[in-house]
Amino acid sequence: MPWLSIPFSDLETKRALNSKFEIEAIPFLVILQPEDNKYEATIHDGVELLNRFGVQAFPFTKERLEELEMEEKEKRESQTLINLLTNHDRDYLLGHPAAKQVPVASLVGKTLGLYFSAQWCLPGVKFTPKLISIYQKIKQMVVHKGNEDDFEIVFVSSDRDQAAFDSYFNSMPWLTLPFGDPANKILAKHFDVKGIPCLVILGPDGKTVTKHGRNLINLYKENAYPFTEAQVDLLEKQIDEEAKSLPKSKYHAGHRHELGLVSEGTGGGPFICCDCDEQGSGWAYLCLECGYEVHTKCVRAVDRGSMVDS
Ligand SMILES: [Zn+2]
Ligand SMILES: [Zn+2]
């Protein structure tokens with residue numbers, strides 16, 4: 001760290017600060033204003049602000065934050081599918097077979113996934129087949145319900161050359177922006193994409209539904225569709241209900257210790273699954289001692305007898 005520190009041995013100061021700012025979980029960033037030490041002027045959610053606004057949040061005053069909120073609101077209100085995906089020279093996307101042009105206007109009114117990925121990105125290459133299978137299931141599901149085909153995905157590439165782009169896009173059944181089109185970079189900036197693969201979901205009105213499409217796909221597969229808060233609430237309730245019947249502890253083939261069932265309220269929280277390497281949150285099985293944590297669906301249960309330390 002390039003900044004200062006309270007000496008490790010100064011327990012008293014550390015305790016006093018923890019209690020003054022009611023620190024319950026870390027990382028926690030408190031920001032004090034130089035000339036205003038009133039409680040209201042002190043920022044308690046610095047971590048969230050930095051995640052949301054980055055360096056723009058400086059100097060973290062009430063005025064600056066209101067300005068940023070306003071900018072975000074305006075950006076949201078002016079966001080439409082057409083101004084996100086077209087420009088002066090192009091009003092179409094590309095599909096299959098090779099280079100078939102699909103007008104952006106034909107996508108208005110659909111739920112749309114923007115898939116930020118590249119062939120050089122290993123987690124992306126691992127996630128793509130999963131997304132393809134779920135994309136196909138969502139399509140089937142939508143048609144089965146008698147609705148019009150109202151879901152599509154658009155690949156937003158950060159591949160470094162045309163050949164890599166071509167071979168990657170050829171594995172995908174959905175649409176794409178042309179390789180090298182400025183919109184690829186503009187969209188990554190607009191949605192503040194910090195790492196790939198990333199799946200941003202737009203609603204039928206062209207507004208952002210969520211930037212955590214990848215996470216929702218990992219957690220709920222095709223059931224995540226249409227990715228709205230209402231759908232996620234519903235799924236969470238179902239999962240809480242199902243978790244009631246899960247064993248409180250289990251032995252898993254991939255770990256030598258017994259794993260305990262945890263959730264947000266009981267020592268859980270966001271994690272990276274040690275079995276499938278994808279993100280998770282909510283219910284999980286955890287070995288507290290090792291920090292080994294897996295999705296409930298990733299547990300391959302074994303009986304205790306076969307796990308005796310060798
Ligand atoms: Zn997993
Ligand atoms: Zn362990």
# chains A, B, ... in the order shown; residues from 1 in each chain; ligands from 1
call {"tool": "select_by_dssp", "arguments": {"residues": "region 52-137 of chain A", "states": "strand (DSSP E)", "output": "JSON, numbers by chain"}}
result
{"A": [92, 93, 94, 95, 100, 101, 102, 103, 111, 112, 113, 114, 115, 116, 117]}
call {"tool": "write_last_selection", "arguments": {"atoms": "all heavy atoms", "output": "compact mmCIF listing (two decimals), in the first residue's frame"}}
result
# COMPACT_ATOMS: atom_id res chain seq x y z
N TYR A 92 -26.80 -1.94 -38.41
CA TYR A 92 -27.04 -3.39 -38.36
C TYR A 92 -25.99 -4.08 -37.48
O TYR A 92 -24.95 -3.50 -37.15
CB TYR A 92 -26.97 -3.97 -39.78
CG TYR A 92 -25.62 -3.73 -40.44
CD1 TYR A 92 -24.56 -4.61 -40.24
CD2 TYR A 92 -25.41 -2.60 -41.24
CE1 TYR A 92 -23.32 -4.37 -40.81
CE2 TYR A 92 -24.16 -2.36 -41.81
CZ TYR A 92 -23.12 -3.26 -41.59
OH TYR A 92 -21.89 -3.01 -42.13
N LEU A 93 -26.29 -5.34 -37.14
CA LEU A 93 -25.32 -6.23 -36.48
C LEU A 93 -25.05 -7.38 -37.44
O LEU A 93 -25.75 -7.52 -38.44
CB LEU A 93 -25.91 -6.76 -35.17
CG LEU A 93 -26.26 -5.69 -34.14
CD1 LEU A 93 -27.11 -6.29 -33.04
CD2 LEU A 93 -25.00 -5.06 -33.58
N LEU A 94 -24.06 -8.20 -37.13
CA LEU A 94 -23.77 -9.34 -37.99
C LEU A 94 -24.26 -10.62 -37.33
O LEU A 94 -24.20 -10.77 -36.10
CB LEU A 94 -22.27 -9.44 -38.27
CG LEU A 94 -21.67 -8.24 -38.99
CD1 LEU A 94 -20.16 -8.42 -39.17
CD2 LEU A 94 -22.35 -7.99 -40.33
N GLY A 95 -24.75 -11.55 -38.18
CA GLY A 95 -25.19 -12.84 -37.66
C GLY A 95 -24.62 -13.96 -38.49
O GLY A 95 -23.66 -13.76 -39.24
N LYS A 100 -24.07 -12.10 -42.31
CA LYS A 100 -25.47 -11.73 -42.58
C LYS A 100 -25.81 -10.49 -41.74
O LYS A 100 -25.56 -10.45 -40.54
CB LYS A 100 -26.36 -12.91 -42.17
CG LYS A 100 -27.84 -12.64 -42.31
CD LYS A 100 -28.63 -13.80 -41.72
CE LYS A 100 -30.04 -13.39 -41.37
NZ LYS A 100 -30.59 -14.19 -40.28
N GLN A 101 -26.40 -9.48 -42.39
CA GLN A 101 -26.72 -8.25 -41.67
C GLN A 101 -28.11 -8.31 -41.03
O GLN A 101 -29.08 -8.66 -41.69
CB GLN A 101 -26.64 -7.04 -42.62
CG GLN A 101 -25.23 -6.81 -43.16
CD GLN A 101 -25.11 -5.51 -43.92
OE1 GLN A 101 -26.08 -4.75 -44.07
NE2 GLN A 101 -23.90 -5.23 -44.40
N VAL A 102 -28.17 -7.97 -39.74
CA VAL A 102 -29.44 -7.96 -39.03
C VAL A 102 -29.68 -6.54 -38.52
O VAL A 102 -28.87 -6.02 -37.75
CB VAL A 102 -29.39 -8.94 -37.82
CG1 VAL A 102 -30.68 -8.89 -37.03
CG2 VAL A 102 -29.08 -10.36 -38.30
N PRO A 103 -30.77 -5.88 -38.96
CA PRO A 103 -30.99 -4.49 -38.52
C PRO A 103 -31.18 -4.40 -37.00
O PRO A 103 -31.89 -5.22 -36.42
CB PRO A 103 -32.29 -4.10 -39.23
CG PRO A 103 -32.61 -5.18 -40.20
CD PRO A 103 -31.84 -6.40 -39.81
N THR A 111 -35.50 -8.59 -24.84
CA THR A 111 -34.48 -8.62 -23.79
C THR A 111 -33.17 -9.00 -24.46
O THR A 111 -33.11 -9.95 -25.23
CB THR A 111 -34.85 -9.66 -22.72
OG1 THR A 111 -36.05 -9.23 -22.08
CG2 THR A 111 -33.75 -9.80 -21.67
N LEU A 112 -32.12 -8.20 -24.20
CA LEU A 112 -30.88 -8.37 -24.94
C LEU A 112 -29.69 -8.54 -23.99
O LEU A 112 -29.57 -7.81 -23.01
CB LEU A 112 -30.68 -7.11 -25.78
CG LEU A 112 -29.83 -7.27 -27.02
CD1 LEU A 112 -30.58 -8.07 -28.08
CD2 LEU A 112 -29.46 -5.90 -27.59
N GLY A 113 -28.84 -9.50 -24.29
CA GLY A 113 -27.60 -9.65 -23.52
C GLY A 113 -26.44 -9.10 -24.34
O GLY A 113 -26.32 -9.41 -25.52
N LEU A 114 -25.62 -8.24 -23.74
CA LEU A 114 -24.38 -7.81 -24.40
C LEU A 114 -23.26 -8.64 -23.80
O LEU A 114 -22.99 -8.54 -22.59
CB LEU A 114 -24.13 -6.32 -24.17
CG LEU A 114 -25.19 -5.36 -24.70
CD1 LEU A 114 -24.83 -3.92 -24.34
CD2 LEU A 114 -25.36 -5.51 -26.21
N TYR A 115 -22.63 -9.46 -24.63
CA TYR A 115 -21.63 -10.39 -24.11
C TYR A 115 -20.22 -9.89 -24.42
O TYR A 115 -19.76 -9.96 -25.55
CB TYR A 115 -21.86 -11.78 -24.71
CG TYR A 115 -20.91 -12.83 -24.19
CD1 TYR A 115 -20.58 -12.89 -22.84
CD2 TYR A 115 -20.35 -13.77 -25.04
CE1 TYR A 115 -19.71 -13.85 -22.35
CE2 TYR A 115 -19.47 -14.73 -24.56
CZ TYR A 115 -19.16 -14.77 -23.22
OH TYR A 115 -18.29 -15.72 -22.74
N PHE A 116 -19.56 -9.33 -23.40
CA PHE A 116 -18.20 -8.82 -23.52
C PHE A 116 -17.24 -9.98 -23.29
O PHE A 116 -17.19 -10.55 -22.19
CB PHE A 116 -17.94 -7.72 -22.49
CG PHE A 116 -18.81 -6.50 -22.67
CD1 PHE A 116 -20.11 -6.46 -22.17
CD2 PHE A 116 -18.33 -5.40 -23.37
CE1 PHE A 116 -20.92 -5.34 -22.35
CE2 PHE A 116 -19.13 -4.26 -23.54
CZ PHE A 116 -20.42 -4.24 -23.04
N SER A 117 -16.48 -10.33 -24.33
CA SER A 117 -15.58 -11.46 -24.19
C SER A 117 -14.49 -11.40 -25.25
O SER A 117 -14.51 -10.50 -26.10
CB SER A 117 -16.39 -12.76 -24.31
OG SER A 117 -15.61 -13.88 -23.98
call {"tool": "residues_near_ligand", "arguments": {"ligand": "ligand 2", "cutoff": "6 Å", "atoms": "only C-alpha atoms and all ligand atoms", "output": "list in words"}}
result
His257, Cys287, Glu289 and Cys290 of chain A
call {"tool": "write_last_selection", "arguments": {"atoms": "all heavy atoms", "output": "PDB file, in the first residue's frame"}}
result
ATOM      1  N   HIS A 257     -12.199 -32.299   4.533  1.00  0.00           N
ATOM      2  CA  HIS A 257     -12.946 -31.990   5.761  1.00  0.00           C
ATOM      3  C   HIS A 257     -14.450 -31.925   5.502  1.00  0.00           C
ATOM      4  O   HIS A 257     -14.879 -31.735   4.371  1.00  0.00           O
ATOM      5  CB  HIS A 257     -12.495 -30.643   6.331  1.00  0.00           C
ATOM      6  CG  HIS A 257     -11.040 -30.586   6.639  1.00  0.00           C
ATOM      7  ND1 HIS A 257     -10.220 -29.593   6.161  1.00  0.00           N
ATOM      8  CD2 HIS A 257     -10.254 -31.421   7.351  1.00  0.00           C
ATOM      9  CE1 HIS A 257      -8.984 -29.808   6.579  1.00  0.00           C
ATOM     10  NE2 HIS A 257      -8.974 -30.916   7.303  1.00  0.00           N
ATOM     11  N   CYS A 287     -15.890 -25.080   4.251  1.00  0.00           N
ATOM     12  CA  CYS A 287     -14.993 -25.553   5.307  1.00  0.00           C
ATOM     13  C   CYS A 287     -14.369 -24.311   5.909  1.00  0.00           C
ATOM     14  O   CYS A 287     -13.554 -23.645   5.274  1.00  0.00           O
ATOM     15  CB  CYS A 287     -13.904 -26.475   4.745  1.00  0.00           C
ATOM     16  SG  CYS A 287     -12.634 -26.853   5.974  1.00  0.00           S
ATOM     17  N   GLU A 289     -12.290 -23.903   8.285  1.00  0.00           N
ATOM     18  CA  GLU A 289     -10.869 -23.997   8.591  1.00  0.00           C
ATOM     19  C   GLU A 289     -10.019 -23.632   7.369  1.00  0.00           C
ATOM     20  O   GLU A 289      -9.031 -22.922   7.482  1.00  0.00           O
ATOM     21  CB  GLU A 289     -10.597 -25.431   9.020  1.00  0.00           C
ATOM     22  CG  GLU A 289      -9.317 -25.633   9.748  1.00  0.00           C
ATOM     23  CD  GLU A 289      -9.112 -27.112  10.016  1.00  0.00           C
ATOM     24  OE1 GLU A 289     -10.119 -27.842  10.237  1.00  0.00           O
ATOM     25  OE2 GLU A 289      -7.960 -27.539   9.966  1.00  0.00           O
ATOM     26  N   CYS A 290     -10.409 -24.114   6.205  1.00  0.00           N
ATOM     27  CA  CYS A 290      -9.594 -23.916   4.998  1.00  0.00           C
ATOM     28  C   CYS A 290     -10.122 -22.795   4.116  1.00  0.00           C
ATOM     29  O   CYS A 290      -9.461 -22.411   3.157  1.00  0.00           O
ATOM     30  CB  CYS A 290      -9.566 -25.183   4.150  1.00  0.00           C
ATOM     31  SG  CYS A 290      -9.085 -26.643   5.035  1.00  0.00           S
TER      32      CYS A 290
END
call {"tool": "closest_residue", "arguments": {"among": "A:Leu107, A:Leu288, A:Val302, A:Ile239", "to": "Ala253 (chain A)", "atoms": "only C-alpha atoms"}}
result
A:Val302
call {"tool": "residues_near_ligand", "arguments": {"ligand": "ligand 1", "cutoff": "12 Å", "atoms": "only C-alpha atoms and all ligand atoms", "output": "VMD selection string"}}
result
chain A and resid 215 218 to 220 254 271 to 281 283 to 286 292 to 300
call {"tool": "write_last_selection", "arguments": {"atoms": "C-alpha atoms", "output": "PDB file, in the first residue's frame"}}
result
ATOM      1  CA  ASN A 215     -23.368 -14.314 -12.193  1.00  0.00           C
ATOM      2  CA  ASN A 218     -24.032 -19.285 -13.096  1.00  0.00           C
ATOM      3  CA  LEU A 219     -26.465 -19.234 -10.214  1.00  0.00           C
ATOM      4  CA  TYR A 220     -29.786 -19.859 -11.898  1.00  0.00           C
ATOM      5  CA  GLY A 254     -13.081 -32.674  -3.572  1.00  0.00           C
ATOM      6  CA  PHE A 271     -17.457 -16.509  -3.008  1.00  0.00           C
ATOM      7  CA  ILE A 272     -15.581 -18.244  -5.794  1.00  0.00           C
ATOM      8  CA  CYS A 273     -16.603 -21.888  -5.977  1.00  0.00           C
ATOM      9  CA  CYS A 274     -13.555 -24.115  -5.445  1.00  0.00           C
ATOM     10  CA  ASP A 275     -15.123 -26.775  -7.639  1.00  0.00           C
ATOM     11  CA  CYS A 276     -16.312 -24.955 -10.796  1.00  0.00           C
ATOM     12  CA  ASP A 277     -14.262 -21.710 -10.363  1.00  0.00           C
ATOM     13  CA  GLU A 278     -17.343 -19.551 -10.942  1.00  0.00           C
ATOM     14  CA  GLN A 279     -18.760 -16.904  -8.613  1.00  0.00           C
ATOM     15  CA  GLY A 280     -21.481 -17.712  -6.157  1.00  0.00           C
ATOM     16  CA  SER A 281     -23.490 -16.070  -3.389  1.00  0.00           C
ATOM     17  CA  TRP A 283     -26.309 -20.792   0.053  1.00  0.00           C
ATOM     18  CA  ALA A 284     -23.049 -22.723  -0.101  1.00  0.00           C
ATOM     19  CA  TYR A 285     -21.052 -25.466   1.607  1.00  0.00           C
ATOM     20  CA  LEU A 286     -17.997 -24.164   3.435  1.00  0.00           C
ATOM     21  CA  TYR A 292     -12.913 -24.022   0.954  1.00  0.00           C
ATOM     22  CA  GLU A 293     -16.364 -23.103  -0.412  1.00  0.00           C
ATOM     23  CA  VAL A 294     -18.550 -24.643  -3.121  1.00  0.00           C
ATOM     24  CA  HIS A 295     -22.012 -24.118  -4.632  1.00  0.00           C
ATOM     25  CA  THR A 296     -24.580 -26.484  -3.132  1.00  0.00           C
ATOM     26  CA  LYS A 297     -25.077 -27.903  -6.640  1.00  0.00           C
ATOM     27  CA  CYS A 298     -21.330 -28.567  -6.994  1.00  0.00           C
ATOM     28  CA  VAL A 299     -21.075 -30.878  -3.986  1.00  0.00           C
ATOM     29  CA  ARG A 300     -20.374 -34.484  -4.906  1.00  0.00           C
TER      30      ARG A 300
END
call {"tool": "atom_distance", "arguments": {"atom1": "CA of Phe179 (chain A)", "atom2": "CA of Ser167 (chain A)"}}
result
11.8 Å
call {"tool": "residues_around", "arguments": {"residues": "Arg64 (chain A)", "least_positions_apart": "6", "cutoff": "12 Å", "atoms": "only C-alpha atoms", "output": "PDB file with N, CA, C and O atoms, in the first residue's frame"}}
result
ATOM      1  N   LEU A  49     -18.802   3.398  -3.235  1.00  0.00           N
ATOM      2  CA  LEU A  49     -18.673   4.582  -4.100  1.00  0.00           C
ATOM      3  C   LEU A  49     -17.529   4.418  -5.090  1.00  0.00           C
ATOM      4  O   LEU A  49     -17.650   4.785  -6.257  1.00  0.00           O
ATOM      5  N   PHE A  53     -18.194   4.659  -8.947  1.00  0.00           N
ATOM      6  CA  PHE A  53     -17.793   5.858  -9.691  1.00  0.00           C
ATOM      7  C   PHE A  53     -16.292   5.959  -9.935  1.00  0.00           C
ATOM      8  O   PHE A  53     -15.843   6.852 -10.643  1.00  0.00           O
ATOM      9  N   VAL A  55     -12.488   6.993  -9.696  1.00  0.00           N
ATOM     10  CA  VAL A  55     -11.789   8.222  -9.305  1.00  0.00           C
ATOM     11  C   VAL A  55     -12.713   9.444  -9.415  1.00  0.00           C
ATOM     12  O   VAL A  55     -12.512  10.455  -8.739  1.00  0.00           O
ATOM     13  N   GLN A  56     -13.772   9.317 -10.245  1.00  0.00           N
ATOM     14  CA  GLN A  56     -14.756  10.403 -10.390  1.00  0.00           C
ATOM     15  C   GLN A  56     -15.380  10.833  -9.063  1.00  0.00           C
ATOM     16  O   GLN A  56     -15.864  11.945  -8.937  1.00  0.00           O
ATOM     17  N   ALA A  57     -15.412   9.930  -8.115  1.00  0.00           N
ATOM     18  CA  ALA A  57     -16.089  10.213  -6.848  1.00  0.00           C
ATOM     19  C   ALA A  57     -15.358  11.287  -6.034  1.00  0.00           C
ATOM     20  O   ALA A  57     -15.952  11.942  -5.182  1.00  0.00           O
ATOM     21  N   PHE A  58     -14.073  11.487  -6.296  1.00  0.00           N
ATOM     22  CA  PHE A  58     -13.289  12.489  -5.576  1.00  0.00           C
ATOM     23  C   PHE A  58     -13.877  13.883  -5.769  1.00  0.00           C
ATOM     24  O   PHE A  58     -14.284  14.197  -6.873  1.00  0.00           O
ATOM     25  N   MET A  70     -26.881  12.451 -10.722  1.00  0.00           N
ATOM     26  CA  MET A  70     -27.630  13.125 -11.765  1.00  0.00           C
ATOM     27  C   MET A  70     -27.148  12.684 -13.140  1.00  0.00           C
ATOM     28  O   MET A  70     -27.950  12.346 -14.010  1.00  0.00           O
ATOM     29  N   GLU A  71     -25.824  12.674 -13.324  1.00  0.00           N
ATOM     30  CA  GLU A  71     -25.249  12.239 -14.606  1.00  0.00           C
ATOM     31  C   GLU A  71     -25.691  10.820 -14.935  1.00  0.00           C
ATOM     32  O   GLU A  71     -26.033  10.503 -16.068  1.00  0.00           O
TER      33      GLU A  71
END
call {"tool": "residues_around", "arguments": {"residues": "Glu222 (chain A)", "least_positions_apart": "4", "cutoff": "7 Å", "atoms": "only C-alpha atoms", "output": "VMD selection string"}}
result
chain A and resid 134 137 to 138 217
call {"tool": "closest_residue", "arguments": {"among": "A:Ile26, A:Leu50, A:Leu187, A:Cys121", "to": "Leu81 (chain A)", "atoms": "only C-alpha atoms"}}
result
A:Leu187
call {"tool": "closest_residue", "arguments": {"among": "A:Ala301, A:Leu65, A:Met172, A:Asp205", "to": "Tyr135 (chain A)", "atoms": "only C-alpha atoms"}}
result
A:Met172
call {"tool": "atom_distance", "arguments": {"atom1": "CA of Ser78 (chain A)", "atom2": "CA of Pro204 (chain A)"}}
result
14.6 Å
call {"tool": "residues_around", "arguments": {"residues": "Phe155 (chain A)", "least_positions_apart": "4", "cutoff": "12 Å", "atoms": "only C-alpha atoms", "output": "VMD selection string"}}
result
chain A and resid 85 93 to 95 112 to 119 124 128 131 to 132 159 165 to 166 168 to 179 181 183 to 184 187 to 188 196 to 200
call {"tool": "atom_distance", "arguments": {"atom1": "CA of Asn87 (chain A)", "atom2": "CA of Asp149 (chain A)"}}
result
25.4 Å
call {"tool": "residues_around", "arguments": {"residues": "Gly46 (chain A)", "least_positions_apart": "2", "cutoff": "8 Å", "atoms": "only C-alpha atoms", "output": "list of chain:residue names"}}
result
A:Phe28, A:Leu29, A:Val30, A:Ile31, A:Ile43, A:His44, A:Glu48, A:Leu49, A:Leu50
call {"tool": "closest_residue", "arguments": {"among": "A:Thr42, A:Ser9, A:Asn51, A:Ser133", "to": "Lys194 (chain A)", "atoms": "only C-alpha atoms"}}
result
A:Asn51
call {"tool": "decode", "arguments": {"residues": "region 94-105 of chain A", "atoms": "all heavy atoms", "output": "mmCIF file, in the first residue's frame"}}
result
data_model
loop_
_atom_site.group_PDB
_atom_site.id
_atom_site.type_symbol
_atom_site.label_atom_id
_atom_site.label_comp_id
_atom_site.auth_asym_id
_atom_site.auth_seq_id
_atom_site.Cartn_x
_atom_site.Cartn_y
_atom_site.Cartn_z
ATOM 1 N N LEU A 94 -24.057 -8.195 -37.133
ATOM 2 C CA LEU A 94 -23.774 -9.344 -37.988
ATOM 3 C C LEU A 94 -24.258 -10.621 -37.326
ATOM 4 O O LEU A 94 -24.199 -10.767 -36.099
ATOM 5 C CB LEU A 94 -22.273 -9.445 -38.270
ATOM 6 C CG LEU A 94 -21.666 -8.237 -38.988
ATOM 7 C CD1 LEU A 94 -20.163 -8.424 -39.175
ATOM 8 C CD2 LEU A 94 -22.352 -7.994 -40.334
ATOM 9 N N GLY A 95 -24.750 -11.546 -38.179
ATOM 10 C CA GLY A 95 -25.192 -12.840 -37.663
ATOM 11 C C GLY A 95 -24.617 -13.964 -38.491
ATOM 12 O O GLY A 95 -23.665 -13.760 -39.243
ATOM 13 N N HIS A 96 -25.227 -15.145 -38.359
ATOM 14 C CA HIS A 96 -24.806 -16.298 -39.176
ATOM 15 C C HIS A 96 -25.877 -16.529 -40.242
ATOM 16 O O HIS A 96 -27.039 -16.234 -40.003
ATOM 17 C CB HIS A 96 -24.675 -17.528 -38.290
ATOM 18 C CG HIS A 96 -23.626 -17.358 -37.230
ATOM 19 N ND1 HIS A 96 -22.280 -17.287 -37.493
ATOM 20 C CD2 HIS A 96 -23.746 -17.229 -35.880
ATOM 21 C CE1 HIS A 96 -21.615 -17.142 -36.344
ATOM 22 N NE2 HIS A 96 -22.475 -17.093 -35.357
ATOM 23 N N PRO A 97 -25.592 -17.103 -41.401
ATOM 24 C CA PRO A 97 -24.244 -17.457 -41.871
ATOM 25 C C PRO A 97 -23.402 -16.216 -42.109
ATOM 26 O O PRO A 97 -23.942 -15.114 -42.236
ATOM 27 C CB PRO A 97 -24.517 -18.205 -43.181
ATOM 28 C CG PRO A 97 -25.861 -17.718 -43.639
ATOM 29 C CD PRO A 97 -26.623 -17.391 -42.398
ATOM 30 N N ALA A 98 -22.114 -16.429 -42.221
ATOM 31 C CA ALA A 98 -21.100 -15.383 -42.222
ATOM 32 C C ALA A 98 -21.579 -14.036 -42.745
ATOM 33 O O ALA A 98 -22.024 -13.927 -43.889
ATOM 34 C CB ALA A 98 -19.880 -15.853 -43.015
ATOM 35 N N ALA A 99 -21.464 -13.033 -41.883
ATOM 36 C CA ALA A 99 -21.671 -11.639 -42.258
ATOM 37 C C ALA A 99 -23.093 -11.282 -42.693
ATOM 38 O O ALA A 99 -23.318 -10.280 -43.356
ATOM 39 C CB ALA A 99 -20.667 -11.216 -43.331
ATOM 40 N N LYS A 100 -24.074 -12.096 -42.311
ATOM 41 C CA LYS A 100 -25.469 -11.732 -42.577
ATOM 42 C C LYS A 100 -25.813 -10.490 -41.741
ATOM 43 O O LYS A 100 -25.558 -10.448 -40.541
ATOM 44 C CB LYS A 100 -26.361 -12.907 -42.166
ATOM 45 C CG LYS A 100 -27.838 -12.636 -42.305
ATOM 46 C CD LYS A 100 -28.632 -13.802 -41.717
ATOM 47 C CE LYS A 100 -30.036 -13.387 -41.368
ATOM 48 N NZ LYS A 100 -30.586 -14.186 -40.282
ATOM 49 N N GLN A 101 -26.397 -9.476 -42.392
ATOM 50 C CA GLN A 101 -26.716 -8.245 -41.667
ATOM 51 C C GLN A 101 -28.108 -8.309 -41.034
ATOM 52 O O GLN A 101 -29.077 -8.655 -41.686
ATOM 53 C CB GLN A 101 -26.643 -7.042 -42.624
ATOM 54 C CG GLN A 101 -25.230 -6.812 -43.156
ATOM 55 C CD GLN A 101 -25.107 -5.506 -43.922
ATOM 56 O OE1 GLN A 101 -26.081 -4.753 -44.066
ATOM 57 N NE2 GLN A 101 -23.904 -5.229 -44.403
ATOM 58 N N VAL A 102 -28.168 -7.974 -39.743
ATOM 59 C CA VAL A 102 -29.444 -7.963 -39.026
ATOM 60 C C VAL A 102 -29.677 -6.541 -38.517
ATOM 61 O O VAL A 102 -28.865 -6.019 -37.748
ATOM 62 C CB VAL A 102 -29.391 -8.937 -37.823
ATOM 63 C CG1 VAL A 102 -30.681 -8.891 -37.027
ATOM 64 C CG2 VAL A 102 -29.084 -10.358 -38.303
ATOM 65 N N PRO A 103 -30.767 -5.879 -38.958
ATOM 66 C CA PRO A 103 -30.989 -4.494 -38.522
ATOM 67 C C PRO A 103 -31.175 -4.400 -37.005
ATOM 68 O O PRO A 103 -31.891 -5.221 -36.419
ATOM 69 C CB PRO A 103 -32.295 -4.097 -39.225
ATOM 70 C CG PRO A 103 -32.607 -5.180 -40.199
ATOM 71 C CD PRO A 103 -31.844 -6.396 -39.814
ATOM 72 N N VAL A 104 -30.526 -3.425 -36.385
ATOM 73 C CA VAL A 104 -30.675 -3.225 -34.935
ATOM 74 C C VAL A 104 -32.140 -2.954 -34.606
ATOM 75 O O VAL A 104 -32.647 -3.392 -33.565
ATOM 76 C CB VAL A 104 -29.769 -2.062 -34.452
ATOM 77 C CG1 VAL A 104 -30.043 -1.732 -32.993
ATOM 78 C CG2 VAL A 104 -28.294 -2.424 -34.641
ATOM 79 N N ALA A 105 -32.842 -2.268 -35.533
ATOM 80 C CA ALA A 105 -34.246 -1.934 -35.283
ATOM 81 C C ALA A 105 -35.091 -3.179 -35.024
ATOM 82 O O ALA A 105 -36.086 -3.131 -34.298
ATOM 83 C CB ALA A 105 -34.800 -1.149 -36.467
#
